[in-house]
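Okay, structure.pdb is below, PDB, C-alpha atoms, pLDDT in the B column:
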```pdb
ATOM      1  CA  MET A   1       0.000   0.000   0.000  1.00 45.00           C
ATOM      2  CA  ILE A   2       1.311   3.456  -0.947  1.00 54.00           C
ATOM      3  CA  GLN A   3       1.927   5.605   2.144  1.00 70.00           C
ATOM      4  CA  PHE A   4       0.167   8.966   2.224  1.00 76.00           C
ATOM      5  CA  ASN A   5       2.760  11.739   1.941  1.00 88.00           C
ATOM      6  CA  LEU A   6       1.292  14.740   3.720  1.00 88.00           C
ATOM      7  CA  ARG A   7       3.998  17.182   2.705  1.00 91.00           C
ATOM      8  CA  GLU A   8       3.765  16.293  -0.991  1.00 92.00           C
ATOM      9  CA  LYS A   9      -0.012  16.752  -0.863  1.00 92.00           C
ATOM     10  CA  LEU A  10       0.370  20.167   0.741  1.00 92.00           C
ATOM     11  CA  LYS A  11       2.597  21.234  -2.149  1.00 93.00           C
ATOM     12  CA  THR A  12      -0.424  20.922  -4.464  1.00 93.00           C
ATOM     13  CA  LEU A  13      -2.209  23.817  -2.767  1.00 93.00           C
ATOM     14  CA  GLU A  14      -2.079  27.160  -4.544  1.00 91.00           C
ATOM     15  CA  ASP A  15       0.311  29.665  -2.983  1.00 90.00           C
ATOM     16  CA  LYS A  16      -0.975  33.186  -3.625  1.00 86.00           C
ATOM     17  CA  ARG A  17       2.051  35.020  -2.249  1.00 85.00           C
ATOM     18  CA  ARG A  18       4.293  37.007  -4.565  1.00 79.00           C
ATOM     19  CA  ASN A  19       7.339  35.019  -5.696  1.00 74.00           C
ATOM     20  CA  GLN A  20       9.790  37.392  -4.024  1.00 63.00           C
ATOM     21  CA  ALA A  21       7.989  36.905  -0.697  1.00 64.00           C
ATOM     22  CA  LYS A  22       8.365  33.129  -0.670  1.00 80.00           C
ATOM     23  CA  GLN A  23      11.320  32.451   1.599  1.00 86.00           C
ATOM     24  CA  HIS A  24       9.470  29.404   2.890  1.00 91.00           C
ATOM     25  CA  SER A  25       7.428  27.056   0.717  1.00 91.00           C
ATOM     26  CA  ILE A  26       3.734  26.591   1.366  1.00 93.00           C
ATOM     27  CA  ASP A  27       4.242  22.987   2.480  1.00 94.00           C
ATOM     28  CA  THR A  28       6.822  24.082   5.084  1.00 94.00           C
ATOM     29  CA  VAL A  29       4.488  26.684   6.551  1.00 93.00           C
ATOM     30  CA  LEU A  30       1.544  24.290   6.629  1.00 93.00           C
ATOM     31  CA  MET A  31       3.559  21.438   8.148  1.00 93.00           C
ATOM     32  CA  ILE A  32       4.567  23.789  10.977  1.00 94.00           C
ATOM     33  CA  THR A  33       0.936  24.883  11.319  1.00 90.00           C
ATOM     34  CA  ILE A  34      -0.269  21.293  11.636  1.00 87.00           C
ATOM     35  CA  MET A  35       2.430  20.375  14.142  1.00 89.00           C
ATOM     36  CA  ALA A  36       1.673  23.497  16.188  1.00 89.00           C
ATOM     37  CA  THR A  37      -2.105  23.075  16.299  1.00 81.00           C
ATOM     38  CA  MET A  38      -1.788  19.387  17.151  1.00 77.00           C
ATOM     39  CA  SER A  39       0.442  20.512  20.043  1.00 83.00           C
ATOM     40  CA  ASN A  40      -2.334  22.896  21.197  1.00 77.00           C
ATOM     41  CA  PHE A  41      -0.744  26.086  19.840  1.00 83.00           C
ATOM     42  CA  GLN A  42      -3.850  27.747  18.390  1.00 75.00           C
ATOM     43  CA  GLY A  43      -3.950  30.984  16.450  1.00 78.00           C
ATOM     44  CA  TYR A  44      -1.467  32.754  14.190  1.00 83.00           C
ATOM     45  CA  ARG A  45       0.716  34.166  16.966  1.00 87.00           C
ATOM     46  CA  ALA A  46       0.708  30.875  18.870  1.00 88.00           C
ATOM     47  CA  ILE A  47       1.867  29.029  15.762  1.00 89.00           C
ATOM     48  CA  GLY A  48       4.603  31.630  15.297  1.00 92.00           C
ATOM     49  CA  ASP A  49       5.650  31.126  18.934  1.00 94.00           C
ATOM     50  CA  PHE A  50       5.754  27.357  18.352  1.00 94.00           C
ATOM     51  CA  ALA A  51       8.054  27.846  15.355  1.00 95.00           C
ATOM     52  CA  VAL A  52      10.446  29.989  17.409  1.00 95.00           C
ATOM     53  CA  ARG A  53      10.376  27.731  20.462  1.00 95.00           C
ATOM     54  CA  TYR A  54      11.167  24.594  18.482  1.00 95.00           C
ATOM     55  CA  LYS A  55      13.234  26.264  15.767  1.00 95.00           C
ATOM     56  CA  ASP A  56      16.186  23.859  15.758  1.00 95.00           C
ATOM     57  CA  LYS A  57      14.041  20.725  15.713  1.00 95.00           C
ATOM     58  CA  ILE A  58      11.767  22.116  12.991  1.00 95.00           C
ATOM     59  CA  ILE A  59      14.699  23.116  10.774  1.00 95.00           C
ATOM     60  CA  LYS A  60      16.190  19.641  11.101  1.00 94.00           C
ATOM     61  CA  TYR A  61      12.917  17.737  10.665  1.00 93.00           C
ATOM     62  CA  LEU A  62      11.692  19.755   7.686  1.00 94.00           C
ATOM     63  CA  ASN A  63      15.166  20.203   6.208  1.00 93.00           C
ATOM     64  CA  ILE A  64      14.832  23.988   5.931  1.00 92.00           C
ATOM     65  CA  GLN A  65      17.815  25.151   3.912  1.00 86.00           C
ATOM     66  CA  ASN A  66      18.059  28.783   5.013  1.00 86.00           C
ATOM     67  CA  ASN A  67      18.107  27.801   8.717  1.00 89.00           C
ATOM     68  CA  LYS A  68      15.202  30.114   9.462  1.00 92.00           C
ATOM     69  CA  VAL A  69      11.604  29.401  10.464  1.00 94.00           C
ATOM     70  CA  PRO A  70       8.711  31.385   9.007  1.00 92.00           C
ATOM     71  CA  SER A  71       7.614  34.434  10.969  1.00 91.00           C
ATOM     72  CA  PHE A  72       4.180  35.014  12.453  1.00 89.00           C
ATOM     73  CA  ALA A  73       3.396  37.345   9.522  1.00 90.00           C
ATOM     74  CA  THR A  74       4.343  34.703   6.951  1.00 91.00           C
ATOM     75  CA  ILE A  75       2.243  32.050   8.674  1.00 90.00           C
ATOM     76  CA  ARG A  76      -0.718  34.401   8.849  1.00 88.00           C
ATOM     77  CA  ARG A  77      -0.370  35.414   5.191  1.00 88.00           C
ATOM     78  CA  VAL A  78      -0.304  31.791   4.022  1.00 90.00           C
ATOM     79  CA  LEU A  79      -3.253  30.679   6.165  1.00 86.00           C
ATOM     80  CA  ILE A  80      -5.428  33.624   5.167  1.00 85.00           C
ATOM     81  CA  ASN A  81      -4.995  32.932   1.464  1.00 87.00           C
ATOM     82  CA  ILE A  82      -5.051  29.138   1.097  1.00 86.00           C
ATOM     83  CA  ASP A  83      -8.115  27.223  -0.034  1.00 86.00           C
ATOM     84  CA  GLN A  84      -9.419  26.152   3.393  1.00 79.00           C
ATOM     85  CA  GLU A  85     -11.644  23.412   1.988  1.00 78.00           C
ATOM     86  CA  LYS A  86      -8.843  21.763   0.025  1.00 85.00           C
ATOM     87  CA  PHE A  87      -6.513  22.082   3.005  1.00 85.00           C
ATOM     88  CA  GLY A  88      -9.159  20.418   5.171  1.00 79.00           C
ATOM     89  CA  ASP A  89      -9.592  17.608   2.651  1.00 80.00           C
ATOM     90  CA  ILE A  90      -5.846  16.907   2.631  1.00 85.00           C
ATOM     91  CA  PHE A  91      -5.671  16.941   6.422  1.00 80.00           C
ATOM     92  CA  THR A  92      -8.679  14.618   6.691  1.00 74.00           C
ATOM     93  CA  GLU A  93      -7.249  12.212   4.136  1.00 78.00           C
ATOM     94  CA  TRP A  94      -3.969  12.108   6.034  1.00 80.00           C
ATOM     95  CA  MET A  95      -5.698  11.479   9.366  1.00 72.00           C
ATOM     96  CA  GLN A  96      -7.838   8.748   7.830  1.00 68.00           C
ATOM     97  CA  SER A  97      -4.763   7.026   6.421  1.00 73.00           C
ATOM     98  CA  ASN A  98      -3.094   6.889   9.832  1.00 66.00           C
ATOM     99  CA  ILE A  99      -5.814   6.397  12.449  1.00 58.00           C
ATOM    100  CA  SER A 100      -7.068   2.991  13.501  1.00 53.00           C
ATOM    101  CA  ILE A 101     -10.565   3.071  14.952  1.00 48.00           C
ATOM    102  CA  SER A 102     -10.686  -0.246  16.767  1.00 44.00           C
ATOM    103  CA  LYS A 103      -8.068  -1.515  19.215  1.00 39.00           C
ATOM    104  CA  ASN A 104      -8.789  -5.016  17.936  1.00 38.00           C
ATOM    105  CA  THR A 105      -8.203  -4.087  14.310  1.00 33.00           C
ATOM    106  CA  SER A 106      -5.121  -1.882  14.372  1.00 32.00           C
ATOM    107  CA  THR A 107      -4.656  -1.969  10.609  1.00 31.00           C
ATOM    108  CA  SER A 108      -8.198  -0.802   9.831  1.00 39.00           C
ATOM    109  CA  LYS A 109      -8.576   2.650   8.330  1.00 47.00           C
ATOM    110  CA  LEU A 110     -11.415   5.117   8.449  1.00 49.00           C
ATOM    111  CA  SER A 111     -12.658   4.164   5.001  1.00 48.00           C
ATOM    112  CA  ASN A 112     -13.215   0.540   6.032  1.00 45.00           C
ATOM    113  CA  ASN A 113     -16.857  -0.014   7.016  1.00 42.00           C
ATOM    114  CA  LYS A 114     -16.158  -3.524   8.309  1.00 42.00           C
ATOM    115  CA  ILE A 115     -14.141  -2.499  11.344  1.00 44.00           C
ATOM    116  CA  LYS A 116     -15.405  -3.443  14.812  1.00 49.00           C
ATOM    117  CA  SER A 117     -16.815  -0.098  15.862  1.00 55.00           C
ATOM    118  CA  LYS A 118     -19.969  -1.029  17.787  1.00 63.00           C
ATOM    119  CA  GLY A 119     -20.197   0.840  21.073  1.00 70.00           C
ATOM    120  CA  GLN A 120     -17.313   3.230  20.394  1.00 84.00           C
ATOM    121  CA  TRP A 121     -17.919   6.965  20.788  1.00 88.00           C
ATOM    122  CA  ILE A 122     -17.246   9.844  18.417  1.00 88.00           C
ATOM    123  CA  SER A 123     -17.763  13.481  19.423  1.00 87.00           C
ATOM    124  CA  ILE A 124     -18.684  16.368  17.163  1.00 87.00           C
ATOM    125  CA  ASP A 125     -17.659  19.837  18.255  1.00 80.00           C
ATOM    126  CA  GLY A 126     -17.062  23.272  16.798  1.00 76.00           C
ATOM    127  CA  LYS A 127     -14.506  25.754  18.045  1.00 68.00           C
ATOM    128  CA  ALA A 128     -13.612  29.299  17.135  1.00 61.00           C
ATOM    129  CA  ILE A 129      -9.923  29.520  16.234  1.00 53.00           C
ATOM    130  CA  LYS A 130      -8.046  32.147  18.199  1.00 50.00           C
ATOM    131  CA  GLY A 131      -6.326  34.925  16.297  1.00 46.00           C
ATOM    132  CA  THR A 132      -8.168  34.405  13.022  1.00 45.00           C
ATOM    133  CA  LYS A 133      -9.796  37.806  12.664  1.00 48.00           C
ATOM    134  CA  GLN A 134      -8.214  39.263   9.563  1.00 45.00           C
ATOM    135  CA  LYS A 135      -8.979  42.881  10.522  1.00 47.00           C
ATOM    136  CA  GLU A 136      -9.624  44.699  13.776  1.00 42.00           C
ATOM    137  CA  GLU A 137     -13.166  45.462  12.656  1.00 37.00           C
ATOM    138  CA  ASP A 138     -13.926  41.780  12.045  1.00 41.00           C
ATOM    139  CA  LYS A 139     -16.345  40.501  14.670  1.00 43.00           C
ATOM    140  CA  LYS A 140     -16.085  36.807  13.862  1.00 44.00           C
ATOM    141  CA  LEU A 141     -13.305  34.276  14.154  1.00 45.00           C
ATOM    142  CA  ALA A 142     -12.811  31.372  11.770  1.00 56.00           C
ATOM    143  CA  HIS A 143     -14.666  28.308  12.989  1.00 66.00           C
ATOM    144  CA  LEU A 144     -13.587  24.666  12.820  1.00 73.00           C
ATOM    145  CA  VAL A 145     -15.934  21.679  13.140  1.00 81.00           C
ATOM    146  CA  SER A 146     -14.292  18.349  13.919  1.00 80.00           C
ATOM    147  CA  PHE A 147     -15.292  14.721  14.398  1.00 82.00           C
ATOM    148  CA  PHE A 148     -12.945  13.091  16.896  1.00 81.00           C
ATOM    149  CA  LYS A 149     -12.611   9.885  18.895  1.00 80.00           C
ATOM    150  CA  SER A 150     -13.860  10.512  22.415  1.00 79.00           C
ATOM    151  CA  ASP A 151     -11.217   8.314  24.052  1.00 78.00           C
ATOM    152  CA  SER A 152      -8.023   9.268  22.213  1.00 72.00           C
ATOM    153  CA  LYS A 153      -9.094  12.715  20.837  1.00 72.00           C
ATOM    154  CA  ASP A 154      -7.824  11.700  17.374  1.00 73.00           C
ATOM    155  CA  ILE A 155      -9.458  13.916  14.757  1.00 73.00           C
ATOM    156  CA  LEU A 156     -11.216  11.950  12.012  1.00 76.00           C
ATOM    157  CA  ILE A 157     -12.696  14.769   9.929  1.00 76.00           C
ATOM    158  CA  ALA A 158     -12.333  18.550  10.186  1.00 74.00           C
ATOM    159  CA  ARG A 159     -14.012  21.290   8.179  1.00 77.00           C
ATOM    160  CA  ALA A 160     -13.934  25.078   8.401  1.00 70.00           C
ATOM    161  CA  THR A 161     -17.055  27.232   8.464  1.00 71.00           C
ATOM    162  CA  ALA A 162     -17.674  30.954   8.575  1.00 57.00           C
ATOM    163  CA  SER A 163     -19.568  31.144  11.873  1.00 56.00           C
ATOM    164  CA  LYS A 164     -21.129  29.266  14.779  1.00 56.00           C
ATOM    165  CA  SER A 165     -24.574  29.307  13.140  1.00 56.00           C
ATOM    166  CA  ASN A 166     -23.179  27.642  10.017  1.00 76.00           C
ATOM    167  CA  GLU A 167     -22.147  24.616  12.073  1.00 82.00           C
ATOM    168  CA  ILE A 168     -25.613  23.078  11.765  1.00 86.00           C
ATOM    169  CA  PRO A 169     -25.769  22.601   7.969  1.00 88.00           C
ATOM    170  CA  LEU A 170     -22.062  21.771   7.866  1.00 86.00           C
ATOM    171  CA  VAL A 171     -22.448  18.909  10.365  1.00 88.00           C
ATOM    172  CA  GLN A 172     -25.388  17.585   8.357  1.00 89.00           C
ATOM    173  CA  THR A 173     -23.247  17.550   5.225  1.00 87.00           C
ATOM    174  CA  MET A 174     -20.326  15.956   7.044  1.00 85.00           C
ATOM    175  CA  MET A 175     -22.602  13.188   8.346  1.00 87.00           C
ATOM    176  CA  GLN A 176     -23.681  12.422   4.791  1.00 85.00           C
ATOM    177  CA  GLU A 177     -20.008  11.945   3.884  1.00 79.00           C
ATOM    178  CA  PHE A 178     -19.096   9.977   7.045  1.00 81.00           C
ATOM    179  CA  PRO A 179     -18.099   6.422   5.983  1.00 78.00           C
ATOM    180  CA  LEU A 180     -18.289   4.622   9.343  1.00 80.00           C
ATOM    181  CA  LYS A 181     -21.231   2.930  11.033  1.00 83.00           C
ATOM    182  CA  ASP A 182     -22.258   1.462  14.413  1.00 87.00           C
ATOM    183  CA  PHE A 183     -20.721   4.338  16.382  1.00 88.00           C
ATOM    184  CA  ILE A 184     -22.357   6.474  19.057  1.00 91.00           C
ATOM    185  CA  ILE A 185     -22.170  10.137  18.035  1.00 91.00           C
ATOM    186  CA  THR A 186     -22.281  12.816  20.750  1.00 90.00           C
ATOM    187  CA  LEU A 187     -23.289  16.393  19.995  1.00 88.00           C
ATOM    188  CA  ASP A 188     -24.091  19.515  22.004  1.00 84.00           C
ATOM    189  CA  ALA A 189     -27.509  21.158  22.194  1.00 83.00           C
ATOM    190  CA  LEU A 190     -26.890  23.272  19.094  1.00 82.00           C
ATOM    191  CA  HIS A 191     -27.193  20.108  17.006  1.00 84.00           C
ATOM    192  CA  THR A 192     -30.423  18.809  18.504  1.00 83.00           C
ATOM    193  CA  GLN A 193     -31.951  19.261  15.080  1.00 86.00           C
ATOM    194  CA  THR A 194     -34.326  16.838  13.356  1.00 88.00           C
ATOM    195  CA  LYS A 195     -32.389  16.928  10.082  1.00 91.00           C
ATOM    196  CA  THR A 196     -29.060  16.318  11.832  1.00 91.00           C
ATOM    197  CA  LEU A 197     -30.357  13.360  13.839  1.00 91.00           C
ATOM    198  CA  LYS A 198     -31.985  11.839  10.754  1.00 92.00           C
ATOM    199  CA  ALA A 199     -28.629  12.125   8.942  1.00 92.00           C
ATOM    200  CA  ILE A 200     -26.926  10.246  11.794  1.00 93.00           C
ATOM    201  CA  LYS A 201     -29.491   7.444  11.736  1.00 92.00           C
ATOM    202  CA  LYS A 202     -29.289   7.253   7.947  1.00 91.00           C
ATOM    203  CA  SER A 203     -25.521   6.761   8.271  1.00 89.00           C
ATOM    204  CA  ASN A 204     -26.213   3.696  10.476  1.00 90.00           C
ATOM    205  CA  ASN A 205     -24.910   5.329  13.646  1.00 91.00           C
ATOM    206  CA  ASP A 206     -26.589   6.198  16.954  1.00 92.00           C
ATOM    207  CA  TYR A 207     -26.483   9.469  18.878  1.00 91.00           C
ATOM    208  CA  VAL A 208     -26.530  11.095  22.299  1.00 90.00           C
ATOM    209  CA  VAL A 209     -27.485  14.796  22.334  1.00 86.00           C
ATOM    210  CA  GLN A 210     -28.148  17.459  24.935  1.00 79.00           C
ATOM    211  CA  ILE A 211     -31.517  19.135  25.376  1.00 77.00           C
ATOM    212  CA  LYS A 212     -31.576  22.781  26.405  1.00 72.00           C
ATOM    213  CA  GLU A 213     -33.873  25.760  25.919  1.00 71.00           C
ATOM    214  CA  ASN A 214     -33.455  25.531  22.157  1.00 62.00           C
ATOM    215  CA  GLN A 215     -35.938  22.625  22.240  1.00 63.00           C
ATOM    216  CA  LYS A 216     -38.765  24.077  24.335  1.00 68.00           C
ATOM    217  CA  LYS A 217     -41.372  21.528  23.220  1.00 68.00           C
ATOM    218  CA  LEU A 218     -39.409  18.517  24.523  1.00 63.00           C
TER     219      LEU A 218
END
```

Would you write out, as structure tokens, the structure that this file holds?
Amino acid sequence: MIQFNLREKLKTLEDKRRNQAKQHSIDTVLMITIMATMSNFQGYRAIGDFAVRYKDKIIKYLNIQNNKVPSFATIRRVLINIDQEKFGDIFTEWMQSNISISKNTSTSKLSNNKIKSKGQWISIDGKAIKGTKQKEEDKKLAHLVSFFKSDSKDILIARATASKSNEIPLVQTMMQEFPLKDFIITLDALHTQTKTLKAIKKSNNDYVVQIKENQKKL
């Protein structure tokens, strides 16, 4: 089986920076971004801090020839201008190629519907990403919706959306694309929506949701 090469996939994304401003390739910047966010450094400045803190290790691991790590401004410029959907697709594909869902089937991948998943839990949650307002007058942060294993916190699927309110239709779409079955899906009260729950049942999964004041008739 051909191993998924994350860095090579990231090179396929369009880099909209001017040529003279490209001291660091788009794949280098995005690899640092992924490593930083997976280490809980969230937001442009936090990612820049991560790059500085682990400069020597990053330069060695990513084989950066000029012995410099990208600045906060460079990271921000790249992340603002990339195609977020394509970036999310690449990240999801990479995660799916590396995560095993069942402890009893360690070689099973996310695309395999035959894995022993019955009784395992997956959580769906949306978070605003710190530091993603592009201008001071912007009132909204970028928003990320993720499906992750409740026990290990491994992210299975992640998609970006423009706001908290847009989480609802996005989750419904993501459930339609979700390839696994026999899981228990947990969601917060925002997603106690008839269409969302029908999408979960149609995908052959079960759910546990919260009921709050948004469902006054229940």

Legend entry - CA of Thr33 in chain A to CA of His191 in chain A, distance in Å rounded to a single decimal: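 Interatomic distance here is 29.1 Å.
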
Considering only C-alpha atoms, return as a short mmCIF file (atom, residue, chain, number, x, y, z; two decimals) with C-alpha atoms, in the frame of the given file whatever protein or nucleic-acid residues lie within 10 Å of Phe178 in chain A, sequence-local ones (same chain, fewer than 6 positions apart) excluded.
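Wrote result_1.cif, looks like this:
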```cif
data_model
loop_
_atom_site.label_atom_id
_atom_site.label_comp_id
_atom_site.auth_asym_id
_atom_site.auth_seq_id
_atom_site.Cartn_x
_atom_site.Cartn_y
_atom_site.Cartn_z
CA LEU A 110 -11.42 5.12 8.45
CA SER A 111 -12.66 4.16 5.00
CA PHE A 147 -15.29 14.72 14.40
CA LEU A 156 -11.22 11.95 12.01
CA ILE A 157 -12.70 14.77 9.93
CA GLN A 172 -25.39 17.58 8.36
CA ALA A 199 -28.63 12.12 8.94
CA ILE A 200 -26.93 10.25 11.79
CA SER A 203 -25.52 6.76 8.27
CA ASN A 205 -24.91 5.33 13.65
#
```

Legend entry - Atomic separation - CA of Phe87 in chain A relative to CA of Ile185 in chain A, Å: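 So the two atoms, CA of Ile185 in chain A and CA of Phe87 in chain A, lie 24.8 Å apart.
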
Inset, instruction - Please indicate the distance in Å from CA of Met175 in chain A to CA of Met38 in chain A, rounded to one decimal place. - result: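 Atom-to-atom, CA of Met175 in chain A and CA of Met38 in chain A are spaced 23.4 Å apart.
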
Legend entry - Counting only C-alpha atoms, the option among A:Ile58, A:Ile26, A:Leu197, A:Leu144 closest to Gln42 in chain A: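 Result for the nearest residue to Gln42 in chain A: A:Leu144.
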
Can you tell me which residues surround Gln120 in chain A at a distance of at most 12 Å, considering only C-alpha atoms, apart from same-chain residues fewer than 6 positions away, and format the answer as a JSON list (two decimals) with C-alpha atoms, in the frame of the given file?
```json
[["chain", "number", "residue", "atom", "x", "y", "z"],
["A", 101, "ILE", "CA", -10.56, 3.07, 14.95],
["A", 102, "SER", "CA", -10.69, -0.25, 16.77],
["A", 103, "LYS", "CA", -8.07, -1.52, 19.22],
["A", 148, "PHE", "CA", -12.94, 13.09, 16.90],
["A", 149, "LYS", "CA", -12.61, 9.88, 18.90],
["A", 150, "SER", "CA", -13.86, 10.51, 22.42],
["A", 151, "ASP", "CA", -11.22, 8.31, 24.05],
["A", 152, "SER", "CA", -8.02, 9.27, 22.21],
["A", 180, "LEU", "CA", -18.29, 4.62, 9.34],
["A", 181, "LYS", "CA", -21.23, 2.93, 11.03],
["A", 182, "ASP", "CA", -22.26, 1.46, 14.41],
["A", 183, "PHE", "CA", -20.72, 4.34, 16.38],
["A", 184, "ILE", "CA", -22.36, 6.47, 19.06],
["A", 185, "ILE", "CA", -22.17, 10.14, 18.04],
["A", 186, "THR", "CA", -22.28, 12.82, 20.75],
["A", 205, "ASN", "CA", -24.91, 5.33, 13.65],
["A", 206, "ASP", "CA", -26.59, 6.20, 16.95],
["A", 207, "TYR", "CA", -26.48, 9.47, 18.88]]
```

Could range 64-87 of chain A be written out with N, CA and C atoms, as a PDB file, in the first residue's frame, please?
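Output file result-v8.pdb follows:
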```
ATOM      1  N   ILE A  64      14.926  22.606   6.404  1.00  0.00           N
ATOM      2  CA  ILE A  64      14.832  23.988   5.931  1.00  0.00           C
ATOM      3  C   ILE A  64      16.239  24.503   5.622  1.00  0.00           C
ATOM      4  N   GLN A  65      16.468  24.859   4.380  1.00  0.00           N
ATOM      5  CA  GLN A  65      17.815  25.151   3.912  1.00  0.00           C
ATOM      6  C   GLN A  65      18.375  26.480   4.403  1.00  0.00           C
ATOM      7  N   ASN A  66      17.530  27.476   4.615  1.00  0.00           N
ATOM      8  CA  ASN A  66      18.059  28.783   5.013  1.00  0.00           C
ATOM      9  C   ASN A  66      18.196  28.926   6.530  1.00  0.00           C
ATOM     10  N   ASN A  67      17.952  27.828   7.254  1.00  0.00           N
ATOM     11  CA  ASN A  67      18.107  27.801   8.717  1.00  0.00           C
ATOM     12  C   ASN A  67      17.267  28.853   9.433  1.00  0.00           C
ATOM     13  N   LYS A  68      16.140  29.183   8.841  1.00  0.00           N
ATOM     14  CA  LYS A  68      15.202  30.114   9.462  1.00  0.00           C
ATOM     15  C   LYS A  68      13.811  29.491   9.455  1.00  0.00           C
ATOM     16  N   VAL A  69      13.002  29.837  10.462  1.00  0.00           N
ATOM     17  CA  VAL A  69      11.604  29.401  10.464  1.00  0.00           C
ATOM     18  C   VAL A  69      10.731  30.570  10.024  1.00  0.00           C
ATOM     19  N   PRO A  70       9.581  30.293   9.446  1.00  0.00           N
ATOM     20  CA  PRO A  70       8.711  31.385   9.007  1.00  0.00           C
ATOM     21  C   PRO A  70       8.224  32.226  10.183  1.00  0.00           C
ATOM     22  N   SER A  71       8.076  33.511   9.944  1.00  0.00           N
ATOM     23  CA  SER A  71       7.614  34.434  10.969  1.00  0.00           C
ATOM     24  C   SER A  71       6.105  34.320  11.155  1.00  0.00           C
ATOM     25  N   PHE A  72       5.621  34.932  12.220  1.00  0.00           N
ATOM     26  CA  PHE A  72       4.180  35.014  12.453  1.00  0.00           C
ATOM     27  C   PHE A  72       3.468  35.612  11.245  1.00  0.00           C
ATOM     28  N   ALA A  73       4.029  36.671  10.660  1.00  0.00           N
ATOM     29  CA  ALA A  73       3.396  37.345   9.522  1.00  0.00           C
ATOM     30  C   ALA A  73       3.302  36.421   8.313  1.00  0.00           C
ATOM     31  N   THR A  74       4.351  35.644   8.077  1.00  0.00           N
ATOM     32  CA  THR A  74       4.343  34.703   6.951  1.00  0.00           C
ATOM     33  C   THR A  74       3.294  33.623   7.164  1.00  0.00           C
ATOM     34  N   ILE A  75       3.235  33.086   8.359  1.00  0.00           N
ATOM     35  CA  ILE A  75       2.243  32.050   8.674  1.00  0.00           C
ATOM     36  C   ILE A  75       0.833  32.590   8.474  1.00  0.00           C
ATOM     37  N   ARG A  76       0.604  33.778   8.977  1.00  0.00           N
ATOM     38  CA  ARG A  76      -0.718  34.401   8.849  1.00  0.00           C
ATOM     39  C   ARG A  76      -1.081  34.621   7.384  1.00  0.00           C
ATOM     40  N   ARG A  77      -0.115  35.118   6.599  1.00  0.00           N
ATOM     41  CA  ARG A  77      -0.370  35.414   5.191  1.00  0.00           C
ATOM     42  C   ARG A  77      -0.720  34.143   4.415  1.00  0.00           C
ATOM     43  N   VAL A  78      -0.022  33.059   4.698  1.00  0.00           N
ATOM     44  CA  VAL A  78      -0.304  31.791   4.022  1.00  0.00           C
ATOM     45  C   VAL A  78      -1.681  31.261   4.401  1.00  0.00           C
ATOM     46  N   LEU A  79      -1.995  31.266   5.698  1.00  0.00           N
ATOM     47  CA  LEU A  79      -3.253  30.679   6.165  1.00  0.00           C
ATOM     48  C   LEU A  79      -4.471  31.482   5.725  1.00  0.00           C
ATOM     49  N   ILE A  80      -4.310  32.797   5.621  1.00  0.00           N
ATOM     50  CA  ILE A  80      -5.428  33.624   5.167  1.00  0.00           C
ATOM     51  C   ILE A  80      -5.789  33.330   3.715  1.00  0.00           C
ATOM     52  N   ASN A  81      -4.780  33.010   2.909  1.00  0.00           N
ATOM     53  CA  ASN A  81      -4.995  32.932   1.464  1.00  0.00           C
ATOM     54  C   ASN A  81      -5.148  31.535   0.880  1.00  0.00           C
ATOM     55  N   ILE A  82      -4.916  30.477   1.669  1.00  0.00           N
ATOM     56  CA  ILE A  82      -5.051  29.138   1.097  1.00  0.00           C
ATOM     57  C   ILE A  82      -6.517  28.765   0.947  1.00  0.00           C
ATOM     58  N   ASP A  83      -6.778  27.782   0.114  1.00  0.00           N
ATOM     59  CA  ASP A  83      -8.115  27.223  -0.034  1.00  0.00           C
ATOM     60  C   ASP A  83      -8.384  26.347   1.190  1.00  0.00           C
ATOM     61  N   GLN A  84      -9.195  26.851   2.126  1.00  0.00           N
ATOM     62  CA  GLN A  84      -9.419  26.152   3.393  1.00  0.00           C
ATOM     63  C   GLN A  84     -10.065  24.783   3.191  1.00  0.00           C
ATOM     64  N   GLU A  85     -10.960  24.683   2.221  1.00  0.00           N
ATOM     65  CA  GLU A  85     -11.644  23.412   1.988  1.00  0.00           C
ATOM     66  C   GLU A  85     -10.677  22.346   1.485  1.00  0.00           C
ATOM     67  N   LYS A  86      -9.816  22.723   0.546  1.00  0.00           N
ATOM     68  CA  LYS A  86      -8.843  21.763   0.025  1.00  0.00           C
ATOM     69  C   LYS A  86      -7.826  21.374   1.096  1.00  0.00           C
ATOM     70  N   PHE A  87      -7.429  22.360   1.898  1.00  0.00           N
ATOM     71  CA  PHE A  87      -6.513  22.082   3.005  1.00  0.00           C
ATOM     72  C   PHE A  87      -7.159  21.097   3.980  1.00  0.00           C
TER      73      PHE A  87
END
```
